[in-house]
Amino acid sequence: MNPFSILLVDDDEIERIKFKKVCNDINFTCTIEEANNGKKAMAILKEHKNFSIIVLDLQMPEMNGLELLEQLKKNEALNGIPIIIMSNSEDTSELRKCYQLGIAGYFTKPAKYSEYAKKVKSLLKYWTQNEFIN
Amino acid sequence: METPNLNYIKEISGGDLDFEASILEVLKKEFPVDCLIFEENFNKKSYEEASNNVHKIKHKISMLGLNEGLQLASKFENDLKKCEVKLYEKFVEILKKIHVYLG
């Protein structure tokens with residue numbers, strides 16, 4: 001796996017396309033594995049346990065983001081991977097629970113693409129310590 | 001009255017026509033399915049599920065530049081969690097507009 005690898009978990013294909021577009025636009029070299037629900041993410045994580053970060057949506061079918069988060073935090077082999085929630089959930093109790101479980105960050109998806117791109121870039125910059133991302 | 005448009009998709013694409021086409025392809029593929037699932041859950045009065053469906057659909061409403069539609073969908077999403085359905089017809093009007101636009 002490449003030096004920086006992301007597991008992107010979101011049921012919305014367009015959201016996944018947007019995220020990859022930002023990475024592509026800034027020539028950010030990484031591998032991105034995709035899952036459209038928590039169950040598929042768990043299946044991927046059974047094979048690859050060394051993701052640099054997991055970017056996770058909350059509202060998804062089959063197994064939602066919170067359920068996946070709970071499973072990851074109980075799993076000793078996986079609970080060290082930083083998890084960043086990227087969601088528009090307005091459920092504050094859900095968000096509180098995420099923080100209690102130990103997420104590494106949370107951001108809402110801005111409606112405006114330029115702001116969204118800025119947030120994704122700062123996320124990548126922070127987690128890679130890559131000063132060339134601007 | 002606002003109408004669906006490609007402004008937001010063009011903003012994301014930065015002129016990349018292949019990218020625009022790929023987004024439209026996903027919209028055309030997923031939108032009718034999302035709507036069917038929503039209708040099914042709404043008709044069964046599974047409002048919590050229907051609310052989750054609206055959550056997914058509202059991203060597509062936003063992609064097509066319908067800002068007022070997005071606000072209404074957000075309100076409807078929250079209303080459904082409280083089993084409140086008065087915005088159903090207005091929401092369906094937005095869906096119909098998008099169906100026509102996507103052909």
# chains A, B, ... in the order shown; residues from 1 in each chain; ligands from 1

call {"tool": "residues_around", "arguments": {"residues": "His55 in chain B", "least_positions_apart": "4", "cutoff": "10 Å", "atoms": "only C-alpha atoms", "output": "PDB file with C-alpha atoms, in the first residue's frame"}}
result
ATOM      1  CA  GLN A  59     -25.773   8.180   7.678  1.00  0.00           C
ATOM      2  CA  MET A  60     -25.479   5.020   5.616  1.00  0.00           C
ATOM      3  CA  ASN A  88     -23.964  16.743   7.648  1.00  0.00           C
ATOM      4  CA  SER A  89     -25.714  15.046  10.510  1.00  0.00           C
TER       5      SER A  89
ATOM      6  CA  GLU B  49     -36.172   5.296   7.046  1.00  0.00           C
ATOM      7  CA  ALA B  50     -37.856   7.820   4.760  1.00  0.00           C
ATOM      8  CA  SER B  51     -35.982  10.575   6.592  1.00  0.00           C
ATOM      9  CA  HIS B  59     -27.372  15.990  -1.700  1.00  0.00           C
ATOM     10  CA  LYS B  60     -28.580  15.441  -5.233  1.00  0.00           C
ATOM     11  CA  LEU B  70     -32.345  21.859  -0.337  1.00  0.00           C
ATOM     12  CA  ALA B  73     -35.601  18.836   2.001  1.00  0.00           C
ATOM     13  CA  SER B  74     -33.593  19.497   5.185  1.00  0.00           C
ATOM     14  CA  PHE B  76     -38.680  17.614   5.659  1.00  0.00           C
ATOM     15  CA  GLU B  77     -35.873  15.273   6.740  1.00  0.00           C
ATOM     16  CA  ASN B  78     -36.145  16.579  10.308  1.00  0.00           C
TER      17      ASN B  78
END

call {"tool": "residues_around", "arguments": {"residues": "Ile32 in chain A", "least_positions_apart": "3", "cutoff": "12 Å", "atoms": "only C-alpha atoms", "output": "list in words"}}
result
Met1, Asn2, Pro3, Phe4, Ser5, Ile6, Leu7, Leu8, Val9, Arg16, Ile17, Phe19, Lys20, Lys21, Cys23, Asn24, Phe28, Thr29, Ala35, Ile44, Phe51, Ser52, Ile53, Ile54 and Val55 of chain A

call {"tool": "select_by_dssp", "arguments": {"residues": "range 58-88 of chain A", "states": "helix (DSSP H, G or I)", "output": "list in words"}}
result
Gly65, Leu66, Glu67, Leu68, Leu69, Glu70, Gln71, Leu72, Lys73 and Lys74 of chain A

call {"tool": "write_last_selection", "arguments": {"atoms": "C-alpha atoms", "output": "PDB file, in the first residue's frame"}}
result
ATOM      1  CA  GLY A  65     -21.027   5.287  10.566  1.00  0.00           C
ATOM      2  CA  LEU A  66     -21.626   5.191  14.288  1.00  0.00           C
ATOM      3  CA  GLU A  67     -22.055   1.409  14.302  1.00  0.00           C
ATOM      4  CA  LEU A  68     -18.840   1.020  12.315  1.00  0.00           C
ATOM      5  CA  LEU A  69     -17.046   3.379  14.665  1.00  0.00           C
ATOM      6  CA  GLU A  70     -18.173   1.308  17.668  1.00  0.00           C
ATOM      7  CA  GLN A  71     -16.876  -1.879  16.045  1.00  0.00           C
ATOM      8  CA  LEU A  72     -13.546  -0.312  15.130  1.00  0.00           C
ATOM      9  CA  LYS A  73     -12.954   1.011  18.609  1.00  0.00           C
ATOM     10  CA  LYS A  74     -13.589  -2.449  20.093  1.00  0.00           C
TER      11      LYS A  74
END

call {"tool": "select_by_dssp", "arguments": {"residues": "chain A", "states": "strand (DSSP E or B)", "output": "number ranges by chain"}}
result
A: 5-9, 31-35, 53-56, 83-86, 105-107

call {"tool": "residues_around", "arguments": {"residues": "range 85-88 of chain B", "least_positions_apart": "2", "cutoff": "9 Å", "atoms": "only C-alpha atoms", "output": "mmCIF file with N, CA and C atoms, in the first residue's frame"}}
result
data_model
loop_
_atom_site.group_PDB
_atom_site.id
_atom_site.type_symbol
_atom_site.label_atom_id
_atom_site.label_comp_id
_atom_site.auth_asym_id
_atom_site.auth_seq_id
_atom_site.Cartn_x
_atom_site.Cartn_y
_atom_site.Cartn_z
ATOM 1 N N TYR B 47 -41.190 6.307 8.664
ATOM 2 C CA TYR B 47 -40.723 7.684 8.517
ATOM 3 C C TYR B 47 -39.240 7.873 8.871
ATOM 4 N N LEU B 72 -35.898 23.035 1.911
ATOM 5 C CA LEU B 72 -37.148 22.327 2.175
ATOM 6 C C LEU B 72 -36.871 20.852 2.504
ATOM 7 N N ALA B 73 -35.934 20.248 1.762
ATOM 8 C CA ALA B 73 -35.601 18.836 2.001
ATOM 9 C C ALA B 73 -35.022 18.652 3.410
ATOM 10 N N LYS B 75 -35.649 20.468 6.026
ATOM 11 C CA LYS B 75 -36.744 20.613 6.992
ATOM 12 C C LYS B 75 -37.589 19.332 6.991
ATOM 13 N N PHE B 76 -37.864 18.830 5.783
ATOM 14 C CA PHE B 76 -38.680 17.614 5.659
ATOM 15 C C PHE B 76 -37.974 16.419 6.312
ATOM 16 N N ASP B 79 -38.537 16.837 9.929
ATOM 17 C CA ASP B 79 -39.961 16.620 10.236
ATOM 18 C C ASP B 79 -40.292 15.128 10.270
ATOM 19 N N LEU B 80 -39.753 14.400 9.307
ATOM 20 C CA LEU B 80 -40.078 12.966 9.213
ATOM 21 C C LEU B 80 -39.637 12.205 10.462
ATOM 22 N N LYS B 82 -39.979 13.229 13.256
ATOM 23 C CA LYS B 82 -41.046 13.435 14.247
ATOM 24 C C LYS B 82 -42.391 12.985 13.683
ATOM 25 N N CYS B 83 -42.337 12.199 12.601
ATOM 26 C CA CYS B 83 -43.537 11.694 11.920
ATOM 27 C C CYS B 83 -44.435 12.821 11.399
ATOM 28 N N LYS B 90 -44.794 19.184 -1.340
ATOM 29 C CA LYS B 90 -43.804 20.139 -1.864
ATOM 30 C C LYS B 90 -42.502 19.417 -2.203
ATOM 31 N N PHE B 91 -42.153 18.456 -1.373
ATOM 32 C CA PHE B 91 -40.931 17.695 -1.626
ATOM 33 C C PHE B 91 -41.067 16.896 -2.934
ATOM 34 N N VAL B 92 -42.214 16.282 -3.114
ATOM 35 C CA VAL B 92 -42.439 15.484 -4.322
ATOM 36 C C VAL B 92 -42.398 16.378 -5.569
ATOM 37 N N GLU B 93 -42.881 17.605 -5.441
ATOM 38 C CA GLU B 93 -42.812 18.552 -6.586
ATOM 39 C C GLU B 93 -41.359 18.761 -7.015
#

call {"tool": "residues_around", "arguments": {"residues": "Lys10 in chain B", "least_positions_apart": "4", "cutoff": "12 Å", "atoms": "only C-alpha atoms", "output": "list in words"}}
result
Lys112, Tyr113 and Ser114 of chain A; Asn5, Leu6, Gly14, Gly15, Asp16, Leu17, Asp18, Phe19, Glu20, Ala21, Ser22, Ile23, Leu24, Met63, Leu64 and Gly65 of chain B

call {"tool": "write_last_selection", "arguments": {"atoms": "N, CA and C atoms", "output": "tab-separated table (two decimals), in the first residue's frame"}}
result
chain	number	residue	atom	x	y	z
A	112	LYS	N	-20.90	24.69	-0.63
A	112	LYS	CA	-20.11	25.30	-1.69
A	112	LYS	C	-18.85	24.45	-1.93
A	113	TYR	N	-18.61	24.12	-3.18
A	113	TYR	CA	-17.52	23.21	-3.48
A	113	TYR	C	-16.15	23.78	-3.10
A	114	SER	N	-15.94	25.08	-3.35
A	114	SER	CA	-14.62	25.66	-3.04
A	114	SER	C	-14.32	25.53	-1.54
B	5	ASN	N	-30.16	23.10	-12.39
B	5	ASN	CA	-29.12	23.61	-13.29
B	5	ASN	C	-27.79	22.92	-12.99
B	6	LEU	N	-26.81	23.16	-13.84
B	6	LEU	CA	-25.52	22.48	-13.70
B	6	LEU	C	-24.44	23.37	-13.10
B	14	GLY	N	-14.51	22.41	-12.86
B	14	GLY	CA	-13.49	23.34	-13.35
B	14	GLY	C	-13.27	23.18	-14.85
B	15	GLY	N	-14.35	22.87	-15.57
B	15	GLY	CA	-14.28	22.75	-17.03
B	15	GLY	C	-13.97	21.35	-17.53
B	16	ASP	N	-13.80	20.40	-16.62
B	16	ASP	CA	-13.51	19.01	-17.01
B	16	ASP	C	-14.82	18.33	-17.43
B	17	LEU	N	-15.02	18.20	-18.73
B	17	LEU	CA	-16.30	17.70	-19.25
B	17	LEU	C	-16.53	16.23	-18.91
B	18	ASP	N	-15.45	15.46	-18.88
B	18	ASP	CA	-15.59	14.04	-18.52
B	18	ASP	C	-16.09	13.90	-17.08
B	19	PHE	N	-15.54	14.80	-16.24
B	19	PHE	CA	-15.96	14.78	-14.85
B	19	PHE	C	-17.45	15.13	-14.73
B	20	GLU	N	-17.87	16.17	-15.44
B	20	GLU	CA	-19.29	16.56	-15.43
B	20	GLU	C	-20.17	15.39	-15.87
B	21	ALA	N	-19.71	14.72	-16.93
B	21	ALA	CA	-20.49	13.59	-17.46
B	21	ALA	C	-20.58	12.47	-16.42
B	22	SER	N	-19.48	12.24	-15.69
B	22	SER	CA	-19.51	11.14	-14.71
B	22	SER	C	-20.47	11.45	-13.57
B	23	ILE	N	-20.52	12.73	-13.17
B	23	ILE	CA	-21.46	13.11	-12.09
B	23	ILE	C	-22.91	12.95	-12.58
B	24	LEU	N	-23.15	13.40	-13.79
B	24	LEU	CA	-24.51	13.30	-14.33
B	24	LEU	C	-24.94	11.84	-14.48
B	63	MET	N	-26.77	19.30	-5.56
B	63	MET	CA	-25.91	19.20	-6.75
B	63	MET	C	-26.52	19.91	-7.95
B	64	LEU	N	-27.85	19.90	-7.99
B	64	LEU	CA	-28.53	20.50	-9.14
B	64	LEU	C	-28.93	21.94	-8.88
B	65	GLY	N	-28.28	22.56	-7.93
B	65	GLY	CA	-28.41	24.00	-7.69
B	65	GLY	C	-29.73	24.46	-7.12

call {"tool": "interface_residues", "arguments": {"of": "chain B", "to": "chain A", "cutoff": "8 Å", "atoms": "only C-alpha atoms", "output": "PyMOL selection string"}}
result
chain B and resi 8+11-12+23+26+52+56+62

call {"tool": "write_last_selection", "arguments": {"atoms": "C-alpha atoms", "output": "compact mmCIF listing (two decimals), in the first residue's frame"}}
result
# COMPACT_ATOMS: atom_id res chain seq x y z
CA TYR B 8 -22.62 23.55 -9.03
CA GLU B 11 -17.99 24.69 -10.35
CA ILE B 12 -16.66 21.32 -9.17
CA ILE B 23 -21.46 13.11 -12.09
CA VAL B 26 -24.37 8.86 -11.27
CA ASN B 52 -32.69 8.79 5.84
CA LYS B 56 -29.47 11.07 0.64
CA SER B 62 -28.05 20.47 -3.85

call {"tool": "atom_distance", "arguments": {"atom1": "CA of Glu62 in chain A", "atom2": "CA of Met86 in chain A"}}
result
18.1 Å

call {"tool": "closest_residue", "arguments": {"among": "A:Leu45, A:Ala104, A:Val120, A:Cys30", "to": "Ile84 in chain A", "atoms": "only C-alpha atoms"}}
result
A:Ala104

call {"tool": "decode", "arguments": {"residues": "chain B", "atoms": "C-alpha atoms", "output": "short mmCIF file (atom, residue, chain, number, x, y, z; two decimals), in the first residue's frame"}}
result
data_model
loop_
_atom_site.label_atom_id
_atom_site.label_comp_id
_atom_site.auth_asym_id
_atom_site.auth_seq_id
_atom_site.Cartn_x
_atom_site.Cartn_y
_atom_site.Cartn_z
CA MET B 1 -39.23 29.69 -9.17
CA GLU B 2 -35.82 27.96 -9.17
CA THR B 3 -35.02 25.32 -11.73
CA PRO B 4 -32.40 22.54 -11.76
CA ASN B 5 -29.12 23.61 -13.29
CA LEU B 6 -25.52 22.48 -13.70
CA ASN B 7 -23.84 25.47 -12.05
CA TYR B 8 -22.62 23.55 -9.03
CA ILE B 9 -21.40 20.60 -11.09
CA LYS B 10 -19.56 23.01 -13.39
CA GLU B 11 -17.99 24.69 -10.35
CA ILE B 12 -16.66 21.32 -9.17
CA SER B 13 -15.52 20.22 -12.59
CA GLY B 14 -13.49 23.34 -13.35
CA GLY B 15 -14.28 22.75 -17.03
CA ASP B 16 -13.51 19.01 -17.01
CA LEU B 17 -16.30 17.70 -19.25
CA ASP B 18 -15.59 14.04 -18.52
CA PHE B 19 -15.96 14.78 -14.85
CA GLU B 20 -19.29 16.56 -15.43
CA ALA B 21 -20.49 13.59 -17.46
CA SER B 22 -19.51 11.14 -14.71
CA ILE B 23 -21.46 13.11 -12.09
CA LEU B 24 -24.51 13.30 -14.33
CA GLU B 25 -24.30 9.59 -15.00
CA VAL B 26 -24.37 8.86 -11.27
CA LEU B 27 -27.29 11.26 -10.79
CA LYS B 28 -29.27 9.64 -13.59
CA LYS B 29 -28.54 6.17 -12.24
CA GLU B 30 -29.12 6.80 -8.52
CA PHE B 31 -31.83 9.46 -8.38
CA PRO B 32 -34.77 7.32 -9.64
CA VAL B 33 -33.75 4.47 -7.32
CA ASP B 34 -33.43 6.80 -4.32
CA CYS B 35 -36.90 8.20 -5.07
CA LEU B 36 -38.48 4.76 -5.34
CA ILE B 37 -37.01 3.68 -2.01
CA PHE B 38 -38.20 6.92 -0.42
CA GLU B 39 -41.77 6.45 -1.78
CA GLU B 40 -41.82 2.87 -0.56
CA ASN B 41 -40.76 3.80 2.96
CA PHE B 42 -43.06 6.83 3.05
CA ASN B 43 -46.06 4.77 1.95
CA LYS B 44 -45.26 2.17 4.62
CA LYS B 45 -45.09 5.04 7.13
CA SER B 46 -41.50 4.03 7.90
CA TYR B 47 -40.72 7.68 8.52
CA GLU B 48 -37.33 7.19 10.14
CA GLU B 49 -36.17 5.30 7.05
CA ALA B 50 -37.86 7.82 4.76
CA SER B 51 -35.98 10.58 6.59
CA ASN B 52 -32.69 8.79 5.84
CA ASN B 53 -33.75 8.55 2.20
CA VAL B 54 -34.47 12.29 2.08
CA HIS B 55 -31.02 12.88 3.58
CA LYS B 56 -29.47 11.07 0.64
CA ILE B 57 -31.70 12.73 -1.96
CA LYS B 58 -31.03 16.21 -0.61
CA HIS B 59 -27.37 15.99 -1.70
CA LYS B 60 -28.58 15.44 -5.23
CA ILE B 61 -31.01 18.36 -4.93
CA SER B 62 -28.05 20.47 -3.85
CA MET B 63 -25.91 19.20 -6.75
CA LEU B 64 -28.53 20.50 -9.14
CA GLY B 65 -28.41 24.00 -7.69
CA LEU B 66 -31.82 23.92 -6.01
CA ASN B 67 -31.03 25.92 -2.89
CA GLU B 68 -34.63 26.47 -1.80
CA GLY B 69 -35.26 22.81 -2.54
CA LEU B 70 -32.35 21.86 -0.34
CA GLN B 71 -33.74 23.91 2.55
CA LEU B 72 -37.15 22.33 2.18
CA ALA B 73 -35.60 18.84 2.00
CA SER B 74 -33.59 19.50 5.19
CA LYS B 75 -36.74 20.61 6.99
CA PHE B 76 -38.68 17.61 5.66
CA GLU B 77 -35.87 15.27 6.74
CA ASN B 78 -36.14 16.58 10.31
CA ASP B 79 -39.96 16.62 10.24
CA LEU B 80 -40.08 12.97 9.21
CA LYS B 81 -38.09 12.01 12.30
CA LYS B 82 -41.05 13.43 14.25
CA CYS B 83 -43.54 11.69 11.92
CA GLU B 84 -44.59 15.09 10.55
CA VAL B 85 -45.49 14.82 6.85
CA LYS B 86 -46.97 18.16 5.82
CA LEU B 87 -44.07 18.97 3.44
CA TYR B 88 -44.50 15.74 1.48
CA GLU B 89 -46.25 17.26 -1.52
CA LYS B 90 -43.80 20.14 -1.86
CA PHE B 91 -40.93 17.70 -1.63
CA VAL B 92 -42.44 15.48 -4.32
CA GLU B 93 -42.81 18.55 -6.59
CA ILE B 94 -39.04 19.06 -6.34
CA LEU B 95 -38.43 15.40 -7.17
CA LYS B 96 -40.68 15.66 -10.22
CA LYS B 97 -38.79 18.72 -11.44
CA ILE B 98 -35.52 16.82 -11.19
CA HIS B 99 -36.97 13.75 -12.92
CA VAL B 100 -37.97 15.95 -15.86
CA TYR B 101 -34.59 17.67 -15.91
CA LEU B 102 -32.59 14.44 -15.86
CA GLY B 103 -34.83 12.99 -18.54
#
